file structure_30.pdb (PDB, N, CA and C atoms)
ATOM      1  N   MET A   1      -3.879 -16.067 -18.383
ATOM      2  CA  MET A   1      -3.448 -15.086 -17.420
ATOM      3  C   MET A   1      -2.308 -14.279 -18.052
ATOM      4  N   ALA A   2      -2.359 -12.965 -17.862
ATOM      5  CA  ALA A   2      -1.307 -12.097 -18.401
ATOM      6  C   ALA A   2      -0.065 -12.201 -17.523
ATOM      7  N   ARG A   3       1.054 -12.464 -18.182
ATOM      8  CA  ARG A   3       2.303 -12.590 -17.429
ATOM      9  C   ARG A   3       3.451 -12.057 -18.272
ATOM     10  N   ASP A   4       4.291 -11.256 -17.663
ATOM     11  CA  ASP A   4       5.487 -10.783 -18.336
ATOM     12  C   ASP A   4       6.622 -11.721 -17.932
ATOM     13  N   MET A   5       6.996 -12.596 -18.832
ATOM     14  CA  MET A   5       7.963 -13.643 -18.496
ATOM     15  C   MET A   5       9.336 -13.095 -18.129
ATOM     16  N   LYS A   6       9.780 -12.037 -18.764
ATOM     17  CA  LYS A   6      11.125 -11.549 -18.460
ATOM     18  C   LYS A   6      11.197 -10.791 -17.137
ATOM     19  N   LEU A   7      10.062 -10.263 -16.655
ATOM     20  CA  LEU A   7      10.070  -9.540 -15.386
ATOM     21  C   LEU A   7       9.627 -10.405 -14.214
ATOM     22  N   GLY A   8       8.945 -11.509 -14.477
ATOM     23  CA  GLY A   8       8.562 -12.433 -13.424
ATOM     24  C   GLY A   8       7.365 -12.000 -12.597
ATOM     25  N   TRP A   9       6.474 -11.207 -13.154
ATOM     26  CA  TRP A   9       5.273 -10.845 -12.414
ATOM     27  C   TRP A   9       4.056 -11.045 -13.297
ATOM     28  N   ASP A  10       2.903 -11.204 -12.661
ATOM     29  CA  ASP A  10       1.644 -11.309 -13.385
ATOM     30  C   ASP A  10       0.610 -10.454 -12.673
ATOM     31  N   VAL A  11      -0.548 -10.345 -13.266
ATOM     32  CA  VAL A  11      -1.597  -9.481 -12.725
ATOM     33  C   VAL A  11      -1.990  -9.928 -11.319
ATOM     34  N   GLU A  12      -2.070 -11.220 -11.100
ATOM     35  CA  GLU A  12      -2.433 -11.720  -9.771
ATOM     36  C   GLU A  12      -1.401 -11.321  -8.721
ATOM     37  N   ALA A  13      -0.121 -11.377  -9.080
ATOM     38  CA  ALA A  13       0.933 -10.984  -8.146
ATOM     39  C   ALA A  13       0.834  -9.491  -7.824
ATOM     40  N   LEU A  14       0.515  -8.686  -8.829
ATOM     41  CA  LEU A  14       0.374  -7.244  -8.590
ATOM     42  C   LEU A  14      -0.830  -6.952  -7.718
ATOM     43  N   ASN A  15      -1.937  -7.648  -7.955
ATOM     44  CA  ASN A  15      -3.127  -7.464  -7.113
ATOM     45  C   ASN A  15      -2.843  -7.867  -5.672
ATOM     46  N   LYS A  16      -2.134  -8.970  -5.499
ATOM     47  CA  LYS A  16      -1.785  -9.427  -4.141
ATOM     48  C   LYS A  16      -0.885  -8.395  -3.451
ATOM     49  N   ALA A  17       0.108  -7.896  -4.167
ATOM     50  CA  ALA A  17       1.010  -6.898  -3.587
ATOM     51  C   ALA A  17       0.245  -5.643  -3.202
ATOM     52  N   TYR A  18      -0.686  -5.203  -4.060
ATOM     53  CA  TYR A  18      -1.496  -4.019  -3.758
ATOM     54  C   TYR A  18      -2.319  -4.252  -2.492
ATOM     55  N   ARG A  19      -2.989  -5.394  -2.409
ATOM     56  CA  ARG A  19      -3.817  -5.686  -1.234
ATOM     57  C   ARG A  19      -2.973  -5.743   0.040
ATOM     58  N   GLN A  20      -1.790  -6.348  -0.052
ATOM     59  CA  GLN A  20      -0.926  -6.414   1.123
ATOM     60  C   GLN A  20      -0.431  -5.022   1.512
ATOM     61  N   GLY A  21      -0.127  -4.190   0.523
ATOM     62  CA  GLY A  21       0.279  -2.822   0.805
ATOM     63  C   GLY A  21      -0.842  -2.030   1.450
ATOM     64  N   TYR A  22      -2.061  -2.229   0.954
ATOM     65  CA  TYR A  22      -3.218  -1.536   1.527
ATOM     66  C   TYR A  22      -3.413  -1.955   2.983
ATOM     67  N   LEU A  23      -3.307  -3.243   3.229
ATOM     68  CA  LEU A  23      -3.455  -3.746   4.597
ATOM     69  C   LEU A  23      -2.372  -3.163   5.501
ATOM     70  N   ALA A  24      -1.146  -3.144   5.014
ATOM     71  CA  ALA A  24      -0.041  -2.600   5.813
ATOM     72  C   ALA A  24      -0.269  -1.121   6.115
ATOM     73  N   GLY A  25      -0.697  -0.368   5.116
ATOM     74  CA  GLY A  25      -0.962   1.052   5.333
ATOM     75  C   GLY A  25      -2.111   1.288   6.293
ATOM     76  N   SER A  26      -3.149   0.458   6.204
ATOM     77  CA  SER A  26      -4.300   0.629   7.091
ATOM     78  C   SER A  26      -3.971   0.240   8.526
ATOM     79  N   MET A  27      -2.936  -0.588   8.710
ATOM     80  CA  MET A  27      -2.505  -0.979  10.053
ATOM     81  C   MET A  27      -1.468  -0.023  10.626
ATOM     82  N   GLY A  28      -1.086   0.978   9.835
ATOM     83  CA  GLY A  28      -0.120   1.952  10.314
ATOM     84  C   GLY A  28       1.331   1.535  10.165
ATOM     85  N   MET A  29       1.592   0.488   9.400
ATOM     86  CA  MET A  29       2.974   0.064   9.184
ATOM     87  C   MET A  29       3.683   1.080   8.302
ATOM     88  N   GLY A  30       4.970   1.175   8.459
ATOM     89  CA  GLY A  30       5.768   2.103   7.663
ATOM     90  C   GLY A  30       5.916   1.648   6.227
ATOM     91  N   LYS A  31       6.077   2.603   5.351
ATOM     92  CA  LYS A  31       6.237   2.301   3.929
ATOM     93  C   LYS A  31       7.525   1.521   3.674
ATOM     94  N   ASP A  32       8.472   1.629   4.568
ATOM     95  CA  ASP A  32       9.749   0.923   4.411
ATOM     96  C   ASP A  32       9.639  -0.573   4.719
ATOM     97  N   ARG A  33       8.450  -1.036   5.082
ATOM     98  CA  ARG A  33       8.244  -2.450   5.421
ATOM     99  C   ARG A  33       7.850  -3.314   4.226
ATOM    100  N   CYS A  34       7.933  -2.785   3.025
ATOM    101  CA  CYS A  34       7.561  -3.531   1.824
ATOM    102  C   CYS A  34       8.419  -4.794   1.704
ATOM    103  N   PRO A  35       7.784  -5.960   1.570
ATOM    104  CA  PRO A  35       8.548  -7.207   1.491
ATOM    105  C   PRO A  35       9.027  -7.565   0.082
ATOM    106  N   TYR A  36       8.677  -6.762  -0.898
ATOM    107  CA  TYR A  36       8.992  -7.083  -2.290
ATOM    108  C   TYR A  36      10.264  -6.398  -2.755
ATOM    109  N   ARG A  37      10.825  -6.904  -3.861
ATOM    110  CA  ARG A  37      12.065  -6.348  -4.399
ATOM    111  C   ARG A  37      11.940  -5.870  -5.838
ATOM    112  N   GLY A  38      11.116  -6.476  -6.663
ATOM    113  CA  GLY A  38      10.985  -6.062  -8.058
ATOM    114  C   GLY A  38      10.301  -4.705  -8.168
ATOM    115  N   ASP A  39      10.795  -3.846  -9.040
ATOM    116  CA  ASP A  39      10.275  -2.482  -9.148
ATOM    117  C   ASP A  39       8.773  -2.416  -9.375
ATOM    118  N   VAL A  40       8.251  -3.249 -10.260
ATOM    119  CA  VAL A  40       6.831  -3.193 -10.589
ATOM    120  C   VAL A  40       5.989  -3.668  -9.411
ATOM    121  N   VAL A  41       6.392  -4.732  -8.768
ATOM    122  CA  VAL A  41       5.644  -5.270  -7.632
ATOM    123  C   VAL A  41       5.746  -4.319  -6.435
ATOM    124  N   VAL A  42       6.909  -3.730  -6.226
ATOM    125  CA  VAL A  42       7.065  -2.737  -5.158
ATOM    126  C   VAL A  42       6.140  -1.551  -5.414
ATOM    127  N   ALA A  43       6.037  -1.129  -6.660
ATOM    128  CA  ALA A  43       5.150  -0.007  -6.996
ATOM    129  C   ALA A  43       3.690  -0.356  -6.703
ATOM    130  N   ALA A  44       3.291  -1.588  -6.955
ATOM    131  CA  ALA A  44       1.927  -2.018  -6.651
ATOM    132  C   ALA A  44       1.695  -2.001  -5.140
ATOM    133  N   TRP A  45       2.665  -2.503  -4.375
ATOM    134  CA  TRP A  45       2.544  -2.519  -2.914
ATOM    135  C   TRP A  45       2.448  -1.086  -2.379
ATOM    136  N   GLU A  46       3.316  -0.214  -2.884
ATOM    137  CA  GLU A  46       3.308   1.181  -2.430
ATOM    138  C   GLU A  46       2.020   1.894  -2.815
ATOM    139  N   ALA A  47       1.454   1.569  -3.965
ATOM    140  CA  ALA A  47       0.175   2.171  -4.362
ATOM    141  C   ALA A  47      -0.917   1.773  -3.378
ATOM    142  N   GLY A  48      -0.938   0.511  -2.967
ATOM    143  CA  GLY A  48      -1.904   0.074  -1.959
ATOM    144  C   GLY A  48      -1.688   0.777  -0.634
ATOM    145  N   TRP A  49      -0.429   0.889  -0.238
ATOM    146  CA  TRP A  49      -0.090   1.556   1.022
ATOM    147  C   TRP A  49      -0.542   3.018   0.987
ATOM    148  N   GLU A  50      -0.248   3.706  -0.106
ATOM    149  CA  GLU A  50      -0.621   5.117  -0.236
ATOM    150  C   GLU A  50      -2.137   5.292  -0.282
ATOM    151  N   ASP A  51      -2.853   4.377  -0.935
ATOM    152  CA  ASP A  51      -4.314   4.455  -0.970
ATOM    153  C   ASP A  51      -4.900   4.277   0.431
ATOM    154  N   ALA A  52      -4.332   3.385   1.216
ATOM    155  CA  ALA A  52      -4.808   3.187   2.592
ATOM    156  C   ALA A  52      -4.548   4.438   3.427
ATOM    157  N   GLU A  53      -3.384   5.037   3.253
ATOM    158  CA  GLU A  53      -3.071   6.270   3.976
ATOM    159  C   GLU A  53      -4.047   7.380   3.599
ATOM    160  N   ALA A  54      -4.344   7.519   2.314
ATOM    161  CA  ALA A  54      -5.279   8.550   1.850
ATOM    162  C   ALA A  54      -6.677   8.289   2.408
ATOM    163  N   ALA A  55      -7.109   7.030   2.411
ATOM    164  CA  ALA A  55      -8.421   6.686   2.956
ATOM    165  C   ALA A  55      -8.473   6.989   4.444
ATOM    166  N   SER A  56      -7.394   6.739   5.144
ATOM    167  CA  SER A  56      -7.334   7.024   6.569
ATOM    168  C   SER A  56      -7.446   8.518   6.835
ATOM    169  N   ARG A  57      -6.747   9.309   6.033
ATOM    170  CA  ARG A  57      -6.827  10.771   6.190
ATOM    171  C   ARG A  57      -8.223  11.288   5.897
ATOM    172  N   GLU A  58      -8.898  10.732   4.899
ATOM    173  CA  GLU A  58     -10.247  11.160   4.556
ATOM    174  C   GLU A  58     -11.241  10.808   5.649
ATOM    175  N   ASN A  59     -11.017   9.705   6.333
ATOM    176  CA  ASN A  59     -11.942   9.257   7.369
ATOM    177  C   ASN A  59     -11.771  10.003   8.683
ATOM    178  N   ARG A  60     -10.632  10.645   8.868
ATOM    179  CA  ARG A  60     -10.410  11.412  10.093
ATOM    180  C   ARG A  60     -11.078  12.767   9.972
ATOM    181  N   GLY A  61     -11.749  13.156  10.999
ATOM    182  CA  GLY A  61     -12.355  14.477  11.028
ATOM    183  C   GLY A  61     -11.349  15.500  11.505
ATOM    184  N   PRO A  62     -11.720  16.785  11.492
ATOM    185  CA  PRO A  62     -10.802  17.830  11.968
ATOM    186  C   PRO A  62     -10.366  17.613  13.411
ATOM    187  N   GLU A  63     -11.273  17.075  14.237
ATOM    188  CA  GLU A  63     -10.922  16.855  15.647
ATOM    189  C   GLU A  63      -9.807  15.817  15.757
ATOM    190  N   ASP A  64      -9.875  14.755  14.959
ATOM    191  CA  ASP A  64      -8.840  13.726  15.000
ATOM    192  C   ASP A  64      -7.488  14.286  14.624
ATOM    193  N   ARG A  65      -7.449  15.132  13.599
ATOM    194  CA  ARG A  65      -6.165  15.709  13.188
ATOM    195  C   ARG A  65      -5.602  16.592  14.294
ATOM    196  N   PHE A  66      -6.475  17.322  15.002
ATOM    197  CA  PHE A  66      -6.013  18.175  16.071
ATOM    198  C   PHE A  66      -5.400  17.347  17.197
ATOM    199  N   TYR A  67      -6.104  16.317  17.626
ATOM    200  CA  TYR A  67      -5.603  15.517  18.741
ATOM    201  C   TYR A  67      -4.359  14.746  18.378
ATOM    202  N   ARG A  68      -4.222  14.306  17.145
ATOM    203  CA  ARG A  68      -3.040  13.560  16.744
ATOM    204  C   ARG A  68      -1.813  14.454  16.660
ATOM    205  N   SER A  69      -2.015  15.734  16.347
ATOM    206  CA  SER A  69      -0.853  16.627  16.214
ATOM    207  C   SER A  69      -0.464  17.229  17.551
ATOM    208  N   ALA A  70      -1.327  17.134  18.541
ATOM    209  CA  ALA A  70      -1.032  17.739  19.843
ATOM    210  C   ALA A  70      -0.088  16.885  20.646
TER     211      ALA A  70
END

call {"tool": "encode", "arguments": {"input": "structure_30.pdb", "output": "C-alpha cells"}}
result
Amino acid sequence: MARDMKLGWDVEALNKAYRQGYLAGSMGMGKDRCPYRGDVVVAAWEAGWEDAEAASRENRGPEDRFYRSA
C-alpha cells in the first residue's frame, strides 16, 4: 500500500475522505463541515464535496433552478 510516512496519509485514507466528502455534498452539508485537518486529506474531502455539488447541479433541470431561486 502506498503511504507517505511523513505526512501520515495513504491512498485508502484519501479515498475514504473523498467518499465522505461526496456523501456530505450530496446531503447538502456545508463545505465547512469537513472533519479532517491535514491539507492533503482535506483536499480529498473537498474534491468529493465539490464533485457531489457539480453532479447535483447537472441533475437539476431549468425548472428546479427557477424554483430554488424563487

call {"tool": "closest_residue", "arguments": {"input": "structure_30.pdb", "among": "A:Trp9, A:Gly28, A:Lys16, A:Tyr22", "to": "Glu46 (chain A)", "atoms": "only C-alpha atoms"}}
result
A:Tyr22

call {"tool": "resolve_selection", "arguments": {"input": "structure_30.pdb", "expression": "the PyMOL selection byres ((chain A and resi 32-41) around 7)", "output": "PyMOL selection string"}}
result
chain A and resi 13-14+17-18+29-31+42-46

call {"tool": "atom_distance", "arguments": {"input": "structure_30.pdb", "atom1": "CA of Glu12 (chain A)", "atom2": "atom N of Glu58 (chain A)"}}
result
27.6 Å

call {"tool": "atom_distance", "arguments": {"input": "structure_30.pdb", "atom1": "CA of Leu23 (chain A)", "atom2": "CA of Asp10 (chain A)"}}
result
20.2 Å

call {"tool": "residues_around", "arguments": {"input": "structure_30.pdb", "residues": "Asp51 (chain A)", "least_positions_apart": "3", "cutoff": "8 Å", "atoms": "only N, CA and C atoms", "output": "PyMOL selection string"}}
result
chain A and resi 21-22+25-26+45-48+54-57

call {"tool": "select_by_dssp", "arguments": {"input": "structure_30.pdb", "residues": "region 16-50 of chain A", "states": "alpha helix (DSSP H)", "output": "ChimeraX atom specification"}}
result
/A:16-26,39-50

call {"tool": "atom_distance", "arguments": {"input": "structure_30.pdb", "atom1": "CA of Ala52 (chain A)", "atom2": "atom C of Val11 (chain A)"}}
result
19.3 Å
